[in-house]
Amino acid sequence: MVVAMGLEQMDQYAPVLMMALVAIAASGGMLAASVIAGKRGHRPAIKDTAYECGMIPIGSNSARFAVKFYLVAMLFILFDIETVFLYPWAVVYKDMLTTNASLILGGMISFMAILAVGFAYILKKGALNWRE
Amino acid sequence: MNYGELLKLLAPESILALTLLLVLGADATFLSGRAPGLRRAVAASLTVAGCMGAIYWIFFFPIHGHLFSGVLVVDPLTQVTKQVLLLLTAATALLTLETAFTPHVGEYFGLQLLATLGFLFMVSSEDILTIFVALELASLSLYMLASFAKGNLASAEAGLKYFLYGGLASAFLLFGFSLLYGLTGETLLAKIAAKITTTPRDPLLVVAISMVLTGLGFKIAAVPFQLWAPDVYEGAPTPSAALIASGSKLASFFLLEKMMTIGLSSAVGSGAFHALAAGWVPMLAMLAGLSLIVGNLTALAQTSVKRLLAYSAIAHAGYALLGVIANSSQGFVALLFYVMTYGFTVLGAFGVVAVVERQTGSDRLEAFAGLSRRSPVLAGVLFVCLLSLAGIPPLAGFFGKFYLFAAILRAGAPSLGILWLVILAIALSAVSLFYYLQVLKQAFVREAPLELPFSVKPSTQLVLILLALCVILFGCAPDLLVSKLLLALKAAAPGLVF
């Protein structure tokens with residue numbers, strides 16, 4: 001009985017397992033295909049360093065780093081987290097619209113209004129102005 | 001429940017939030033680039049107007065109700081407390097005009113409002129989740145307020161220390177809450193209490209209580225969680241320190257009382273001398289005793305008045321804890337009376353320190369020399385406030401202590417087992433008189449090398465005089481406040497019967 005229940009619960013994970021297999025097969029296949037079918041070329045050391053963006057991993061630890069990055073990253077996380085609240089809201093939106101429209105609408109409208117004021121504030125303060 | 005109802009229940013908080021946006025908006029738009037003095041004046045008047053508006057609203061549109069059976073509680077008692085909290089913030093905002101440490105005027109006043117918003121929610125929540133969120137809102141704002149004088153090394157140190165200790169304390173509190181939730185499966189305080197009675201006493205419960213007490217003990221600066229207080233009080237800009245000492249204390253004690261008497265009402269225990277029993281009372285009795293001893297004795301050796309006020313705040317946390325330990329409605333009223341009048345008193349004292357610090361550049365005892373001749377008004381206010389802190393009748397501090405002692409003795413009436421704590425408190429109260437008089441001696445007896453009169457802003461003078469009058473009024477007629485608190489507590493009854 002216990003085993004049966006366990007299996008039943010495991011059944012729910014079948015799609016996850018399939019997804020994992022597909023992901024491994026796809027990425028492994030691409031690598032394998034490029035090794036088999038690709039042209040073997042010149043491979044200098046520079047090709048193994050950070051690509052396009054990202055920092056060079058070896059060097060002095062006191063490298064100068066624009067404080068702007070931190071500000072933008074902080075603001076990004078702030079607004080990112082705030083949009084996370086939209087997901088649970090959107091999930092219950094339809095149900096609550098029939099039973100409690102004022103709460104679901106009023107709550108989100110005032111939340112977004114405060115967000116908008118915050119956004120206007122950071123624009124006004126020049127926090128997103130990269131040149132300054 | 002609809003949105004209109006929610007807004008009505010949260011009217012004071014909404015007014016405060018709108019004020020906050022207004023202060024920030026005004027400072028960022030049409031005041032940007034103007035003279036700092038003007039910006040400070042506008043921001044302070046907006047802050048005061050917002051606080052007064054919220055007080056007015058609470059007074060003329062009384063509304064009571066519970067949201068989601070206790071996630072948000074609005075009853076007469078929380079409303080009275082909120083009014084006092086708003087008054088304290090308004091006074092702090094006016095005292096801020098006396099200082100000029102930051103160009104970020106809108107943000108500074110905005111953070112004061114945000115911290116106050118946190119205090120209001122702390123007072124209103126009876127659910128461990130909302131309690132934690134409210135506490136964090138207040139704490140994070142206070143960390144920033146403490147470190148707001150960016151160019152000042154001491155302020156940065158104060159902010160960092162406050163933040164690191166505070167973060168640790170929050171972690172403890174959260175761990176304690178999670179244990180409480182794990183033990184009972186509930187987040188509402190009343191339901192947690194109901195579940196604890198039905199199950200046999202669990203060792204984990206003791207761990208949970210001590211962790212919760214660690215978190216809240218930090219907020220009220222009780223020994224052994226007091227290490228941050230002296231450095232923060234000394235290093236933080238004076239208005240920030242004043243808010244930490246007054247509003248934050250009141251909200252935290254209110255929260256502690258609710259947490260203990262509602263949430264843990266079935267794990268009380270006993271702190272009587274020969275009959276200790278496990279529970280939160282003996283733990284709090286220990287904290288209170290230690291705070292009284294360490295606070296009062298360490299204050300004797302201080303030469304900085306802000307540090308002295310910090311150690312005296314630790315000692316006063318010890319006195320106020322007696323009200324929680326009493327675990328009765330009288331104890332609750334005594335605690336609130338004590339912490340409220342303490343808020344007014346300490347704000348007055350910090351106001352005087354702010355002026356002296358601005359004029360002489362130091363808050364050392366010597367800086368106060370000749371104060372009675374340099375500014376009789378300031379000296380008078382300092383006189384009233386410090387004597388009230390020492391507990392001299394007929395000032396508010398005396399009756400505050402009197403009610404606390406009466407409440408705790410009545411609560412343990414037949415056996416008088418808790419008498420040891422009361423005796424300790426009275427003895428150390430006599431000790432405290434010494435260090436308060438040290439400051440007054442400088443102000444009234446010693447002569448300053450250069451006795452130039454202090455220039456004090458009219459707004460500061462007005463606030464300080466009003467605060468001193470409050471201290472005298474509640475000392476001469478304590479019943480004005482006590483009867484109001486008693487009535488409010490009775491009206492708030494269902495959630496608070498004990």
# chains A, B, ... in the order shown; residues from 1 in each chain; ligands from 1

call {"tool": "residues_around", "arguments": {"residues": "Ile122 in chain A", "least_positions_apart": "6", "cutoff": "10 Å", "atoms": "only C-alpha atoms", "output": "PyMOL selection string"}}
result
(chain A and resi 75+116+128-129) or (chain B and resi 28)

call {"tool": "write_last_selection", "arguments": {"atoms": "N, CA and C atoms", "output": "mmCIF file, in the first residue's frame"}}
result
data_model
loop_
_atom_site.group_PDB
_atom_site.id
_atom_site.type_symbol
_atom_site.label_atom_id
_atom_site.label_comp_id
_atom_site.auth_asym_id
_atom_site.auth_seq_id
_atom_site.Cartn_x
_atom_site.Cartn_y
_atom_site.Cartn_z
ATOM 1 N N LEU A 75 18.247 48.268 -7.996
ATOM 2 C CA LEU A 75 16.942 48.704 -8.488
ATOM 3 C C LEU A 75 16.277 47.583 -9.274
ATOM 4 N N ALA A 116 4.831 53.198 -9.277
ATOM 5 C CA ALA A 116 5.024 54.242 -10.286
ATOM 6 C C ALA A 116 5.683 55.460 -9.652
ATOM 7 N N LEU A 128 19.169 56.212 -12.953
ATOM 8 C CA LEU A 128 19.334 55.395 -14.155
ATOM 9 C C LEU A 128 20.151 56.131 -15.214
ATOM 10 N N ASN A 129 20.629 57.303 -14.870
ATOM 11 C CA ASN A 129 21.408 58.084 -15.821
ATOM 12 C C ASN A 129 22.857 57.613 -15.808
ATOM 13 N N ALA B 28 11.958 66.033 -4.279
ATOM 14 C CA ALA B 28 12.636 65.656 -5.526
ATOM 15 C C ALA B 28 12.246 66.566 -6.674
#

call {"tool": "interface_residues", "arguments": {"of": "chain B", "to": "chain A", "cutoff": "9 Å", "atoms": "only C-alpha atoms", "output": "ChimeraX atom specification"}}
result
/B:1-4,6,21,24-25,28-29

call {"tool": "atom_distance", "arguments": {"atom1": "CA of Leu421 in chain B", "atom2": "CA of Leu335 in chain B"}}
result
15.7 Å

call {"tool": "residues_around", "arguments": {"residues": "Ala285 in chain B", "least_positions_apart": "6", "cutoff": "12 Å", "atoms": "only C-alpha atoms", "output": "PyMOL selection string"}}
result
chain B and resi 213+222-223+268-273+276-279+291-292+317-327+408+417-422+424-425

call {"tool": "residues_around", "arguments": {"residues": "range 351-363 of chain B", "least_positions_apart": "4", "cutoff": "9 Å", "atoms": "only C-alpha atoms", "output": "ChimeraX atom specification"}}
result
/B:92,95-96,98-100,234,237-239,242,303-306,346-347,367-368,371,378-379,381-382,454-456,460,463-464

call {"tool": "write_last_selection", "arguments": {"atoms": "N, CA and C atoms", "output": "mmCIF file, in the first residue's frame"}}
result
data_model
loop_
_atom_site.group_PDB
_atom_site.id
_atom_site.type_symbol
_atom_site.label_atom_id
_atom_site.label_comp_id
_atom_site.auth_asym_id
_atom_site.auth_seq_id
_atom_site.Cartn_x
_atom_site.Cartn_y
_atom_site.Cartn_z
ATOM 1 N N THR B 92 9.789 64.448 16.848
ATOM 2 C CA THR B 92 11.124 64.157 16.321
ATOM 3 C C THR B 92 11.387 64.946 15.050
ATOM 4 N N LEU B 95 12.261 68.411 15.877
ATOM 5 C CA LEU B 95 13.599 68.516 16.464
ATOM 6 C C LEU B 95 14.678 68.348 15.396
ATOM 7 N N THR B 96 14.330 67.630 14.310
ATOM 8 C CA THR B 96 15.307 67.433 13.232
ATOM 9 C C THR B 96 15.716 68.761 12.609
ATOM 10 N N GLU B 98 16.687 71.209 13.953
ATOM 11 C CA GLU B 98 17.815 71.758 14.709
ATOM 12 C C GLU B 98 19.153 71.268 14.147
ATOM 13 N N THR B 99 19.114 70.221 13.323
ATOM 14 C CA THR B 99 20.361 69.622 12.838
ATOM 15 C C THR B 99 20.488 69.842 11.334
ATOM 16 N N ALA B 100 21.725 69.778 10.840
ATOM 17 C CA ALA B 100 21.943 69.993 9.411
ATOM 18 C C ALA B 100 23.027 69.054 8.908
ATOM 19 N N GLU B 234 25.153 57.089 20.516
ATOM 20 C CA GLU B 234 26.197 58.087 20.470
ATOM 21 C C GLU B 234 26.514 58.488 19.033
ATOM 22 N N PRO B 237 22.846 60.228 14.120
ATOM 23 C CA PRO B 237 22.367 61.604 14.232
ATOM 24 C C PRO B 237 21.339 61.693 15.366
ATOM 25 N N THR B 238 21.363 62.800 16.123
ATOM 26 C CA THR B 238 20.538 62.863 17.332
ATOM 27 C C THR B 238 19.046 62.591 17.093
ATOM 28 N N PRO B 239 18.416 63.137 16.018
ATOM 29 C CA PRO B 239 16.997 62.820 15.838
ATOM 30 C C PRO B 239 16.754 61.323 15.623
ATOM 31 N N ALA B 242 16.882 59.704 18.871
ATOM 32 C CA ALA B 242 15.672 60.029 19.629
ATOM 33 C C ALA B 242 14.517 59.134 19.207
ATOM 34 N N THR B 303 30.843 59.722 30.230
ATOM 35 C CA THR B 303 31.130 61.151 30.128
ATOM 36 C C THR B 303 30.416 61.772 28.938
ATOM 37 N N SER B 304 29.880 60.929 28.041
ATOM 38 C CA SER B 304 29.105 61.447 26.925
ATOM 39 C C SER B 304 27.627 61.344 27.291
ATOM 40 N N VAL B 305 26.893 62.436 27.114
ATOM 41 C CA VAL B 305 25.515 62.446 27.588
ATOM 42 C C VAL B 305 24.640 61.494 26.763
ATOM 43 N N LYS B 306 24.937 61.389 25.442
ATOM 44 C CA LYS B 306 24.156 60.450 24.640
ATOM 45 C C LYS B 306 24.384 59.011 25.100
ATOM 46 N N VAL B 346 12.386 61.247 27.071
ATOM 47 C CA VAL B 346 13.678 61.034 26.443
ATOM 48 C C VAL B 346 13.795 61.896 25.181
ATOM 49 N N LEU B 347 12.652 62.143 24.541
ATOM 50 C CA LEU B 347 12.664 63.023 23.372
ATOM 51 C C LEU B 347 13.067 64.434 23.785
ATOM 52 N N ALA B 367 30.269 69.989 27.962
ATOM 53 C CA ALA B 367 29.600 70.864 27.009
ATOM 54 C C ALA B 367 28.332 71.461 27.600
ATOM 55 N N PHE B 368 27.817 70.816 28.657
ATOM 56 C CA PHE B 368 26.576 71.296 29.256
ATOM 57 C C PHE B 368 26.834 72.342 30.341
ATOM 58 N N LEU B 371 24.754 75.790 31.215
ATOM 59 C CA LEU B 371 23.570 75.778 30.353
ATOM 60 C C LEU B 371 22.452 76.654 30.918
ATOM 61 N N LEU B 378 16.307 75.700 27.796
ATOM 62 C CA LEU B 378 16.883 74.367 27.620
ATOM 63 C C LEU B 378 17.198 73.741 28.970
ATOM 64 N N ALA B 379 17.799 74.551 29.859
ATOM 65 C CA ALA B 379 18.165 74.013 31.171
ATOM 66 C C ALA B 379 16.918 73.563 31.915
ATOM 67 N N VAL B 381 14.057 72.525 30.609
ATOM 68 C CA VAL B 381 13.543 71.296 30.005
ATOM 69 C C VAL B 381 14.391 70.108 30.442
ATOM 70 N N LEU B 382 15.723 70.292 30.414
ATOM 71 C CA LEU B 382 16.630 69.214 30.818
ATOM 72 C C LEU B 382 16.369 68.824 32.267
ATOM 73 N N PHE B 454 22.908 80.528 23.893
ATOM 74 C CA PHE B 454 22.593 79.643 22.772
ATOM 75 C C PHE B 454 21.479 80.246 21.942
ATOM 76 N N SER B 455 21.577 80.084 20.615
ATOM 77 C CA SER B 455 20.426 80.461 19.796
ATOM 78 C C SER B 455 19.638 79.186 19.520
ATOM 79 N N VAL B 456 18.381 79.188 19.913
ATOM 80 C CA VAL B 456 17.530 78.011 19.744
ATOM 81 C C VAL B 456 16.382 78.380 18.825
ATOM 82 N N THR B 460 11.971 74.479 17.916
ATOM 83 C CA THR B 460 12.576 73.567 18.887
ATOM 84 C C THR B 460 12.144 73.930 20.295
ATOM 85 N N VAL B 463 8.554 72.796 20.888
ATOM 86 C CA VAL B 463 8.436 71.345 21.081
ATOM 87 C C VAL B 463 8.969 70.939 22.442
ATOM 88 N N LEU B 464 10.140 71.475 22.786
ATOM 89 C CA LEU B 464 10.750 71.078 24.055
ATOM 90 C C LEU B 464 9.882 71.502 25.233
#

call {"tool": "select_by_dssp", "arguments": {"residues": "range 77-306 of chain B", "states": "strand (DSSP E or B)", "output": "VMD selection string"}}
result
chain B and resid 127 188 270 277 304

call {"tool": "select_by_dssp", "arguments": {"residues": "range 185-276 of chain B", "states": "helix (DSSP H, G or I)", "output": "PyMOL selection string"}}
result
chain B and resi 189-198+203-220+228-235+238-245+247-263

call {"tool": "residues_around", "arguments": {"residues": "Leu188 in chain B", "least_positions_apart": "2", "cutoff": "8 Å", "atoms": "only C-alpha atoms", "output": "count of residues only"}}
result
10

call {"tool": "residues_around", "arguments": {"residues": "Leu183 in chain B", "least_positions_apart": "6", "cutoff": "12 Å", "atoms": "only C-alpha atoms", "output": "list in words"}}
result
Gly176, Phe177, Lys191, Ile192, Ala193, Ala194, Lys195, Ile196, Thr197, Thr198, Thr199, Pro200, Arg201, Asp202, Pro203, Leu204, Leu205, Val206, Val207, Ala208 and Ile209 of chain B

call {"tool": "residues_around", "arguments": {"residues": "range 310-314 of chain B", "least_positions_apart": "4", "cutoff": "6 Å", "atoms": "only C-alpha atoms", "output": "PDB file with N, CA and C atoms, in the first residue's frame"}}
result
ATOM      1  N   ALA B 221      16.488  46.679  23.828  1.00  0.00           N
ATOM      2  CA  ALA B 221      17.823  46.887  24.418  1.00  0.00           C
ATOM      3  C   ALA B 221      17.885  46.408  25.850  1.00  0.00           C
ATOM      4  N   ALA B 222      17.466  45.162  26.083  1.00  0.00           N
ATOM      5  CA  ALA B 222      17.603  44.572  27.413  1.00  0.00           C
ATOM      6  C   ALA B 222      18.913  43.801  27.465  1.00  0.00           C
ATOM      7  N   ALA B 229      23.325  49.437  21.789  1.00  0.00           N
ATOM      8  CA  ALA B 229      22.650  50.684  22.172  1.00  0.00           C
ATOM      9  C   ALA B 229      23.606  51.868  22.381  1.00  0.00           C
ATOM     10  N   PRO B 230      24.656  51.731  23.206  1.00  0.00           N
ATOM     11  CA  PRO B 230      25.485  52.922  23.461  1.00  0.00           C
ATOM     12  C   PRO B 230      26.109  53.484  22.189  1.00  0.00           C
ATOM     13  N   TYR B 233      23.322  55.103  19.956  1.00  0.00           N
ATOM     14  CA  TYR B 233      22.823  56.367  20.501  1.00  0.00           C
ATOM     15  C   TYR B 233      23.866  57.463  20.335  1.00  0.00           C
ATOM     16  N   SER B 291      19.288  44.004  33.206  1.00  0.00           N
ATOM     17  CA  SER B 291      19.233  45.330  32.593  1.00  0.00           C
ATOM     18  C   SER B 291      19.332  46.413  33.653  1.00  0.00           C
ATOM     19  N   GLY B 295      22.641  48.476  33.276  1.00  0.00           N
ATOM     20  CA  GLY B 295      22.301  49.812  32.781  1.00  0.00           C
ATOM     21  C   GLY B 295      22.653  50.888  33.789  1.00  0.00           C
ATOM     22  N   ALA B 299      26.046  53.385  33.537  1.00  0.00           N
ATOM     23  CA  ALA B 299      25.752  54.790  33.265  1.00  0.00           C
ATOM     24  C   ALA B 299      26.565  55.707  34.176  1.00  0.00           C
TER      25      ALA B 299
END

call {"tool": "closest_residue", "arguments": {"among": "B:Phe337, B:Leu31, B:Leu309, B:Ala93", "to": "Ser459 in chain B", "atoms": "only C-alpha atoms"}}
result
B:Ala93

call {"tool": "decode", "arguments": {"residues": "range 5-128 of chain A", "atoms": "C-alpha atoms", "output": "compact mmCIF listing (two decimals), in the first residue's frame"}}
result
# COMPACT_ATOMS: atom_id res chain seq x y z
CA MET A 5 1.08 5.32 -2.90
CA GLY A 6 4.70 6.21 -3.30
CA LEU A 7 4.60 5.15 -6.94
CA GLU A 8 1.41 7.08 -7.51
CA GLN A 9 3.10 10.20 -6.19
CA MET A 10 6.16 9.49 -8.29
CA ASP A 11 3.94 9.37 -11.36
CA GLN A 12 3.47 13.09 -11.05
CA TYR A 13 7.16 13.52 -11.66
CA ALA A 14 7.13 11.63 -14.98
CA PRO A 15 6.89 14.85 -17.02
CA VAL A 16 9.79 16.29 -15.05
CA LEU A 17 11.87 13.21 -15.79
CA MET A 18 11.00 13.43 -19.49
CA MET A 19 11.88 17.09 -19.53
CA ALA A 20 15.23 16.35 -17.92
CA LEU A 21 15.98 13.62 -20.44
CA VAL A 22 15.05 15.86 -23.35
CA ALA A 23 17.23 18.66 -21.95
CA ILE A 24 20.22 16.38 -21.52
CA ALA A 25 19.73 14.85 -24.95
CA ALA A 26 19.37 18.22 -26.64
CA SER A 27 22.43 19.83 -25.05
CA GLY A 28 24.54 16.67 -25.30
CA GLY A 29 23.45 16.18 -28.91
CA MET A 30 24.43 19.72 -29.84
CA LEU A 31 27.89 19.28 -28.29
CA ALA A 32 28.37 15.91 -29.90
CA ALA A 33 27.16 17.16 -33.28
CA SER A 34 29.55 20.09 -33.21
CA VAL A 35 32.46 17.78 -32.34
CA ILE A 36 31.55 15.28 -35.07
CA ALA A 37 30.38 17.56 -37.85
CA GLY A 38 32.24 20.77 -36.98
CA LYS A 39 35.48 21.95 -38.52
CA ARG A 40 38.46 21.44 -36.26
CA GLY A 41 40.21 24.79 -36.15
CA HIS A 42 42.83 26.84 -34.39
CA ARG A 43 42.08 27.15 -30.62
CA PRO A 44 44.01 29.92 -28.87
CA ALA A 45 43.85 30.56 -25.09
CA ILE A 46 41.73 33.65 -25.56
CA LYS A 47 38.83 31.45 -26.59
CA ASP A 48 38.63 30.02 -23.07
CA THR A 49 38.24 33.39 -21.35
CA ALA A 50 35.02 35.14 -20.42
CA TYR A 51 33.01 35.82 -23.53
CA GLU A 52 31.61 39.26 -24.47
CA CYS A 53 30.37 40.20 -21.01
CA GLY A 54 31.56 39.19 -17.57
CA MET A 55 34.75 39.96 -15.76
CA ILE A 56 38.20 38.52 -16.33
CA PRO A 57 38.53 36.04 -13.49
CA ILE A 58 42.24 36.45 -12.77
CA GLY A 59 43.77 39.71 -11.58
CA SER A 60 44.17 42.03 -8.64
CA ASN A 61 41.24 41.94 -6.19
CA SER A 62 41.17 45.68 -5.80
CA ALA A 63 40.09 46.44 -9.36
CA ARG A 64 37.98 49.55 -9.71
CA PHE A 65 34.36 48.86 -10.38
CA ALA A 66 31.71 51.48 -11.13
CA VAL A 67 29.33 51.88 -8.21
CA LYS A 68 26.58 52.40 -10.80
CA PHE A 69 26.48 48.65 -11.36
CA TYR A 70 25.40 48.10 -7.76
CA LEU A 71 22.74 50.78 -7.96
CA VAL A 72 21.25 49.38 -11.15
CA ALA A 73 21.44 45.82 -9.83
CA MET A 74 19.70 46.89 -6.63
CA LEU A 75 16.94 48.70 -8.49
CA PHE A 76 16.55 45.75 -10.81
CA ILE A 77 16.09 43.33 -7.92
CA LEU A 78 13.66 45.72 -6.27
CA PHE A 79 11.39 46.01 -9.28
CA ASP A 80 11.87 42.35 -10.14
CA ILE A 81 10.65 41.26 -6.72
CA GLU A 82 7.77 43.68 -6.92
CA THR A 83 6.59 42.17 -10.20
CA VAL A 84 6.72 38.75 -8.54
CA PHE A 85 3.66 39.86 -6.59
CA LEU A 86 1.77 40.09 -9.86
CA TYR A 87 1.87 36.32 -10.37
CA PRO A 88 -0.17 35.18 -7.37
CA TRP A 89 -2.43 38.16 -7.99
CA ALA A 90 -3.03 37.10 -11.59
CA VAL A 91 -3.77 33.52 -10.49
CA VAL A 92 -6.63 34.48 -8.18
CA TYR A 93 -7.73 37.49 -10.20
CA LYS A 94 -10.59 35.83 -12.10
CA ASP A 95 -12.10 34.14 -9.06
CA MET A 96 -11.90 37.19 -6.87
CA LEU A 97 -13.25 39.51 -9.52
CA THR A 98 -16.68 37.96 -9.07
CA THR A 99 -16.61 37.81 -5.27
CA ASN A 100 -14.48 40.74 -4.20
CA ALA A 101 -13.72 43.05 -7.09
CA SER A 102 -12.87 46.14 -5.05
CA LEU A 103 -10.19 44.33 -3.05
CA ILE A 104 -8.43 42.68 -5.97
CA LEU A 105 -8.51 45.80 -8.12
CA GLY A 106 -7.96 48.42 -5.43
CA GLY A 107 -5.09 46.52 -3.89
CA MET A 108 -3.18 46.11 -7.13
CA ILE A 109 -3.94 49.62 -8.36
CA SER A 110 -2.59 51.21 -5.19
CA PHE A 111 0.42 48.87 -5.26
CA MET A 112 1.19 49.82 -8.85
CA ALA A 113 0.64 53.51 -8.05
CA ILE A 114 3.24 53.34 -5.29
CA LEU A 115 5.58 51.54 -7.68
CA ALA A 116 5.02 54.24 -10.29
CA VAL A 117 5.85 56.96 -7.76
CA GLY A 118 8.99 55.05 -6.85
CA PHE A 119 9.95 54.77 -10.50
CA ALA A 120 9.35 58.48 -11.08
CA TYR A 121 11.49 59.15 -8.02
CA ILE A 122 14.50 57.16 -9.25
CA LEU A 123 14.21 58.76 -12.69
CA LYS A 124 14.09 62.21 -11.14
CA LYS A 125 17.07 61.45 -8.91
CA GLY A 126 19.04 60.34 -11.97
CA ALA A 127 19.70 56.86 -10.64
CA LEU A 128 19.33 55.39 -14.16
